[in-house]
Amino acid sequence: MENNGHEHVIEVTDLRRVYGGGFEAVSGISFSVRRGEIFALLGTNGAGKTSTVEVLEGLAPPTSGTVRVLGHDPCTERAAVRPRTGVMLQEGGFPSELTVAETARMWAGCVSGARPPSEVLALVGLESKAGVRVKQLSGGQRRRLDLALALLGHPEVLFLDEPTTGLDVEGRRETWELVSALRDGGTTVLLTTHYLEEAENLADRLAIMHEGRVALTGTPAEVTASEPSRISFELPDGYLVGDLPPLGEMGVTGHETDGRIVRLRTHELQRAATGLLLWAERARVELRRLDVRSASLEEAFLGIAEEASAGRATATTTKEYAA
């Protein structure tokens, strides 16, 4: 079934992947990726990202569940899917003695309707390195070559596995701009990344995986909204936490102290900050070391890991108590 008019070009339903020995790397996950969007798959090492992406790329079959890319099973119907996708692996593994241009020409010979190699090298800023041998490239330049080859076939769906590893700040930003332009041109992009800033800047939607499951999914704003914003400050001399306005009335959901430093947590940042500053003005005191910040993707990411760790600790304690 062709999928030219379907909203979702990637559909994952109850995907499980179990390795020899019974290790379950992916534990029944489901998500979808819409046509023309950037979807980021995040997770700690061992979360199951690579195992998931390998199934999407058709490199391995699922143990159970279904996966569809452009309306096809990417493993059993690989011939229908592969010409319409581009894949950028973590390691390209290209012959080190070939030049950049020779590598691009060799790869183009394996791609139907390939762009001119010089065009893709220019897209990723490698046109000046065309005559340089692959072994002489820096790590960041090799990543650019990986991306160039993934773009040779005008892919409808582009898989990017850690696309900016090894790039400097400028190279990372340039890659972001290129990926965003591809998305604006209609390419659907699924990327994995360890750079949370990258996901925040690029992704239309994302999923955070932990221990083989999707723990949280949504837009970056929706995911960060799951975590509270924070306000921290130093208590003025002569004041205690009890002298502050009632924290609940300011929308504060929790607080902690570290000496004279107070940290407030809230899902209503403007309300809490306004209440605190009005109190300080009325009391004619200065709130030194004041820091007001919205929740971040990093906090949501770490929150998931902390919750899982706390759950394991509770389960262990319960088991020991029962024993």
# chains A, B, ... in the order shown; residues from 1 in each chain; ligands from 1
>>> residues_around(residues="Cys75 (chain A)", least_positions_apart="2", cutoff="6 Å", atoms="only C-alpha atoms", output="list in words")
Gly58, Pro61, Asp73, Glu77 and Arg78 of chain A
>>> closest_atom_pairs(of="region 4-85 of chain A", to="region 169-188 of chain A", cutoff="12 Å", atoms="only C-alpha atoms", output="tab-separated table")
residue	atom	partner	partner_atom	distance
A:Asn4	CA	A:Gly186	CA	11.8
A:Glu7	CA	A:Thr188	CA	11.1
A:His8	CA	A:Thr188	CA	9.7
A:Val9	CA	A:Thr188	CA	7.8
A:Ile10	CA	A:Thr188	CA	9.0
A:Ser32	CA	A:Thr188	CA	11.5
A:Val33	CA	A:Thr188	CA	7.9
A:Arg34	CA	A:Thr188	CA	7.3
A:Arg35	CA	A:Thr188	CA	5.5
A:Gly36	CA	A:Thr188	CA	4.4
A:Glu37	CA	A:Thr188	CA	5.2
A:Ile38	CA	A:Thr188	CA	6.1
A:Phe39	CA	A:Thr188	CA	8.1
A:Ala40	CA	A:Thr188	CA	11.2
A:Val69	CA	A:Thr188	CA	10.8
A:Leu70	CA	A:Thr188	CA	10.4
A:Arg84	CA	A:Thr187	CA	10.4
A:Thr85	CA	A:Thr188	CA	9.4
>>> select_by_dssp(residues="region 128-170 of chain A", states="strand (DSSP E)", output="compact mmCIF listing (two decimals) with N, CA and C atoms, in the first residue's frame")
# COMPACT_ATOMS: atom_id res chain seq x y z
N VAL A 157 11.86 10.10 3.78
CA VAL A 157 12.05 9.89 5.21
C VAL A 157 13.55 9.79 5.47
N LEU A 158 14.02 10.55 6.45
CA LEU A 158 15.45 10.60 6.76
C LEU A 158 15.66 10.19 8.21
N PHE A 159 16.48 9.14 8.40
CA PHE A 159 16.84 8.67 9.75
C PHE A 159 18.23 9.22 10.08
N LEU A 160 18.31 9.95 11.19
CA LEU A 160 19.58 10.54 11.61
C LEU A 160 19.93 10.04 12.99
N ASP A 161 21.01 9.27 13.10
CA ASP A 161 21.44 8.70 14.37
C ASP A 161 22.60 9.53 14.90
>>> atom_distance(atom1="CA of Ile231 (chain A)", atom2="CA of Glu306 (chain A)")
20.5 Å
>>> closest_residue(among="A:Val26, A:Glu162, A:Leu297, A:Val53", to="Thr219 (chain A)", atoms="only C-alpha atoms")
A:Leu297
>>> select_by_dssp(residues="region 88-179 of chain A", states="helix (DSSP H, G or I)", output="PyMOL selection string")
chain A and resi 100-108+117-123+127-129+134-136+139-150+169-179
>>> write_last_selection(atoms="N, CA and C atoms", output="short mmCIF file (atom, residue, chain, number, x, y, z; two decimals), in the first residue's frame")
data_model
loop_
_atom_site.label_atom_id
_atom_site.label_comp_id
_atom_site.auth_asym_id
_atom_site.auth_seq_id
_atom_site.Cartn_x
_atom_site.Cartn_y
_atom_site.Cartn_z
N VAL A 100 36.84 12.13 -0.62
CA VAL A 100 35.44 12.48 -0.32
C VAL A 100 34.60 12.38 -1.59
N ALA A 101 35.11 12.94 -2.71
CA ALA A 101 34.36 12.90 -3.97
C ALA A 101 34.20 11.46 -4.47
N GLU A 102 35.24 10.65 -4.36
CA GLU A 102 35.16 9.25 -4.79
C GLU A 102 34.14 8.47 -3.96
N THR A 103 34.12 8.75 -2.67
CA THR A 103 33.15 8.10 -1.79
C THR A 103 31.73 8.46 -2.19
N ALA A 104 31.51 9.75 -2.44
CA ALA A 104 30.17 10.21 -2.83
C ALA A 104 29.75 9.60 -4.17
N ARG A 105 30.69 9.51 -5.14
CA ARG A 105 30.35 8.92 -6.44
C ARG A 105 30.06 7.42 -6.30
N MET A 106 30.85 6.74 -5.47
CA MET A 106 30.62 5.32 -5.24
C MET A 106 29.22 5.09 -4.64
N TRP A 107 28.88 5.90 -3.65
CA TRP A 107 27.57 5.75 -2.99
C TRP A 107 26.44 6.10 -3.94
N ALA A 108 26.65 7.12 -4.75
CA ALA A 108 25.61 7.54 -5.70
C ALA A 108 25.29 6.42 -6.68
N PRO A 117 26.83 14.19 -6.82
CA PRO A 117 27.63 14.19 -5.59
C PRO A 117 28.10 15.58 -5.18
N SER A 118 28.46 16.41 -6.17
CA SER A 118 28.94 17.75 -5.83
C SER A 118 27.85 18.56 -5.13
N GLU A 119 26.59 18.28 -5.47
CA GLU A 119 25.47 19.01 -4.86
C GLU A 119 25.34 18.69 -3.38
N VAL A 120 25.40 17.40 -3.04
CA VAL A 120 25.24 17.04 -1.63
C VAL A 120 26.45 17.46 -0.81
N LEU A 121 27.64 17.42 -1.41
CA LEU A 121 28.83 17.88 -0.68
C LEU A 121 28.73 19.37 -0.39
N ALA A 122 28.16 20.12 -1.32
CA ALA A 122 27.97 21.55 -1.09
C ALA A 122 26.93 21.79 0.00
N LEU A 123 25.89 20.96 0.03
CA LEU A 123 24.84 21.10 1.05
C LEU A 123 25.41 21.02 2.46
N GLU A 127 32.44 20.85 0.01
CA GLU A 127 32.91 20.98 -1.37
C GLU A 127 34.41 21.24 -1.44
N SER A 128 34.96 21.92 -0.44
CA SER A 128 36.40 22.20 -0.45
C SER A 128 37.23 20.99 -0.06
N LYS A 129 36.58 19.93 0.45
CA LYS A 129 37.29 18.72 0.88
C LYS A 129 37.12 17.58 -0.13
N VAL A 134 39.30 10.19 2.96
CA VAL A 134 38.41 10.06 4.12
C VAL A 134 39.21 9.95 5.41
N LYS A 135 40.33 9.24 5.40
CA LYS A 135 41.11 9.05 6.62
C LYS A 135 41.71 10.36 7.14
N GLN A 136 41.75 11.38 6.29
CA GLN A 136 42.32 12.66 6.71
C GLN A 136 41.25 13.62 7.24
N GLY A 139 36.67 14.18 12.81
CA GLY A 139 35.45 13.48 13.18
C GLY A 139 34.20 14.22 12.74
N GLY A 140 34.22 15.54 12.90
CA GLY A 140 33.07 16.34 12.48
C GLY A 140 32.86 16.32 10.98
N GLN A 141 33.95 16.35 10.22
CA GLN A 141 33.85 16.30 8.75
C GLN A 141 33.33 14.94 8.29
N ARG A 142 33.67 13.88 8.99
CA ARG A 142 33.15 12.56 8.64
C ARG A 142 31.64 12.50 8.88
N ARG A 143 31.18 13.17 9.94
CA ARG A 143 29.75 13.21 10.19
C ARG A 143 29.03 13.96 9.07
N ARG A 144 29.66 15.01 8.55
CA ARG A 144 29.06 15.75 7.43
C ARG A 144 29.00 14.86 6.19
N LEU A 145 30.03 14.06 5.98
CA LEU A 145 30.02 13.15 4.85
C LEU A 145 28.91 12.10 5.02
N ASP A 146 28.75 11.59 6.22
CA ASP A 146 27.66 10.65 6.50
C ASP A 146 26.31 11.26 6.11
N LEU A 147 26.11 12.53 6.49
CA LEU A 147 24.85 13.20 6.20
C LEU A 147 24.70 13.41 4.70
N ALA A 148 25.77 13.80 4.03
CA ALA A 148 25.71 14.02 2.58
C ALA A 148 25.24 12.76 1.85
N LEU A 149 25.78 11.62 2.23
CA LEU A 149 25.43 10.38 1.55
C LEU A 149 23.99 9.97 1.85
N ALA A 150 23.50 10.31 3.05
CA ALA A 150 22.11 10.01 3.38
C ALA A 150 21.14 10.84 2.55
N VAL A 169 30.40 23.97 17.56
CA VAL A 169 29.15 24.71 17.74
C VAL A 169 28.64 25.24 16.40
N GLU A 170 29.53 25.79 15.59
CA GLU A 170 29.12 26.33 14.30
C GLU A 170 28.60 25.23 13.38
N GLY A 171 29.32 24.11 13.34
CA GLY A 171 28.89 23.00 12.50
C GLY A 171 27.56 22.44 12.94
N ARG A 172 27.34 22.41 14.26
CA ARG A 172 26.06 21.90 14.78
C ARG A 172 24.92 22.80 14.33
N ARG A 173 25.14 24.10 14.45
CA ARG A 173 24.08 25.05 14.06
C ARG A 173 23.80 24.96 12.56
N GLU A 174 24.84 24.81 11.76
CA GLU A 174 24.64 24.69 10.32
C GLU A 174 23.86 23.42 9.98
N THR A 175 24.15 22.34 10.70
CA THR A 175 23.41 21.10 10.47
C THR A 175 21.96 21.25 10.86
N TRP A 176 21.71 21.94 11.98
CA TRP A 176 20.32 22.20 12.39
C TRP A 176 19.56 22.95 11.30
N GLU A 177 20.23 23.96 10.74
CA GLU A 177 19.58 24.75 9.69
C GLU A 177 19.27 23.89 8.47
N LEU A 178 20.20 23.01 8.12
CA LEU A 178 19.99 22.13 6.96
C LEU A 178 18.84 21.16 7.22
N VAL A 179 18.81 20.55 8.40
CA VAL A 179 17.74 19.61 8.72
C VAL A 179 16.39 20.31 8.76
#
>>> residues_around(residues="Arg133 (chain A)", least_positions_apart="4", cutoff="6 Å", atoms="only C-alpha atoms", output="list of chain:residue names")
A:Glu97, A:Leu98, A:Thr99
>>> write_last_selection(atoms="C-alpha atoms", output="PDB file, in the first residue's frame")
ATOM      1  CA  GLU A  97      41.776   5.554   1.152  1.00  0.00           C
ATOM      2  CA  LEU A  98      39.026   7.004  -1.084  1.00  0.00           C
ATOM      3  CA  THR A  99      38.631  10.740  -1.401  1.00  0.00           C
TER       4      THR A  99
END
>>> atom_distance(atom1="CA of Gly113 (chain A)", atom2="CA of Gly153 (chain A)")
6.1 Å
>>> residues_around(residues="Gly65 (chain A)", least_positions_apart="3", cutoff="7 Å", atoms="only C-alpha atoms", output="PDB file with N, CA and C atoms, in the first residue's frame")
ATOM      1  N   THR A  13       3.520   0.208  16.490  1.00  0.00           N
ATOM      2  CA  THR A  13       2.453  -0.267  17.368  1.00  0.00           C
ATOM      3  C   THR A  13       2.923  -1.476  18.167  1.00  0.00           C
ATOM      4  N   ASP A  14       2.979  -1.314  19.487  1.00  0.00           N
ATOM      5  CA  ASP A  14       3.338  -2.411  20.406  1.00  0.00           C
ATOM      6  C   ASP A  14       4.639  -3.106  20.008  1.00  0.00           C
ATOM      7  N   LEU A  15       5.628  -2.346  19.612  1.00  0.00           N
ATOM      8  CA  LEU A  15       6.902  -2.920  19.171  1.00  0.00           C
ATOM      9  C   LEU A  15       7.669  -3.514  20.353  1.00  0.00           C
ATOM     10  N   ARG A  16       8.071  -4.757  20.186  1.00  0.00           N
ATOM     11  CA  ARG A  16       8.961  -5.421  21.135  1.00  0.00           C
ATOM     12  C   ARG A  16      10.157  -5.954  20.364  1.00  0.00           C
ATOM     13  N   PRO A  62      10.960  -6.903  14.005  1.00  0.00           N
ATOM     14  CA  PRO A  62      10.499  -6.833  15.387  1.00  0.00           C
ATOM     15  C   PRO A  62      10.269  -8.232  15.941  1.00  0.00           C
TER      16      PRO A  62
END
>>> atom_distance(atom1="CA of Gly238 (chain A)", atom2="CA of Leu269 (chain A)")
26.0 Å
>>> closest_residue(among="A:Val132, A:Val292, A:Leu276, A:Pro228", to="Thr253 (chain A)", atoms="only C-alpha atoms")
A:Pro228
>>> closest_residue(among="A:Gly71, A:Gly303, A:Gly251, A:Pro245", to="Trp279 (chain A)", atoms="only C-alpha atoms")
A:Pro245
>>> closest_residue(among="A:Leu302, A:Ala283, A:Leu216, A:Ala47", to="Thr192 (chain A)", atoms="only C-alpha atoms")
A:Ala47
>>> residues_around(residues="Val12 (chain A)", least_positions_apart="3", cutoff="6 Å", atoms="only C-alpha atoms", output="ChimeraX atom specification")
/A:30-32,67
>>> write_last_selection(atoms="all heavy atoms", output="PDB file, in the first residue's frame")
ATOM      1  N   SER A  30       4.707   2.310  21.333  1.00  0.00           N
ATOM      2  CA  SER A  30       3.887   2.780  20.215  1.00  0.00           C
ATOM      3  C   SER A  30       4.088   4.285  20.038  1.00  0.00           C
ATOM      4  O   SER A  30       4.125   5.023  21.023  1.00  0.00           O
ATOM      5  CB  SER A  30       2.401   2.507  20.475  1.00  0.00           C
ATOM      6  OG  SER A  30       2.139   1.123  20.607  1.00  0.00           O
ATOM      7  N   PHE A  31       4.274   4.725  18.801  1.00  0.00           N
ATOM      8  CA  PHE A  31       4.303   6.147  18.477  1.00  0.00           C
ATOM      9  C   PHE A  31       4.156   6.283  16.972  1.00  0.00           C
ATOM     10  O   PHE A  31       4.254   5.305  16.230  1.00  0.00           O
ATOM     11  CB  PHE A  31       5.593   6.822  18.965  1.00  0.00           C
ATOM     12  CG  PHE A  31       6.860   6.348  18.309  1.00  0.00           C
ATOM     13  CD1 PHE A  31       7.334   6.934  17.141  1.00  0.00           C
ATOM     14  CD2 PHE A  31       7.596   5.309  18.871  1.00  0.00           C
ATOM     15  CE1 PHE A  31       8.500   6.498  16.534  1.00  0.00           C
ATOM     16  CE2 PHE A  31       8.766   4.863  18.274  1.00  0.00           C
ATOM     17  CZ  PHE A  31       9.216   5.460  17.104  1.00  0.00           C
ATOM     18  N   SER A  32       3.911   7.482  16.508  1.00  0.00           N
ATOM     19  CA  SER A  32       3.793   7.739  15.069  1.00  0.00           C
ATOM     20  C   SER A  32       4.481   9.048  14.736  1.00  0.00           C
ATOM     21  O   SER A  32       4.662   9.915  15.594  1.00  0.00           O
ATOM     22  CB  SER A  32       2.319   7.793  14.639  1.00  0.00           C
ATOM     23  OG  SER A  32       1.638   8.820  15.340  1.00  0.00           O
ATOM     24  N   VAL A  67       5.445  -2.396  12.544  1.00  0.00           N
ATOM     25  CA  VAL A  67       6.113  -1.155  12.161  1.00  0.00           C
ATOM     26  C   VAL A  67       5.802  -0.906  10.694  1.00  0.00           C
ATOM     27  O   VAL A  67       5.922  -1.820   9.870  1.00  0.00           O
ATOM     28  CB  VAL A  67       7.642  -1.260  12.378  1.00  0.00           C
ATOM     29  CG1 VAL A  67       8.343  -0.059  11.769  1.00  0.00           C
ATOM     30  CG2 VAL A  67       7.970  -1.373  13.861  1.00  0.00           C
TER      31      VAL A  67
END
>>> closest_residue(among="A:Arg293, A:Arg265, A:Arg260, A:His154", to="Asp237 (chain A)", atoms="only C-alpha atoms")
A:Arg260
>>> closest_residue(among="A:Glu227, A:Glu286, A:Glu197, A:Glu298", to="Tyr239 (chain A)", atoms="only C-alpha atoms")
A:Glu286
>>> residues_around(residues="Asn45 (chain A)", least_positions_apart="4", cutoff="12 Å", atoms="only C-alpha atoms", output="PyMOL selection string")
chain A and resi 25+49-51+192-194+208-212+305
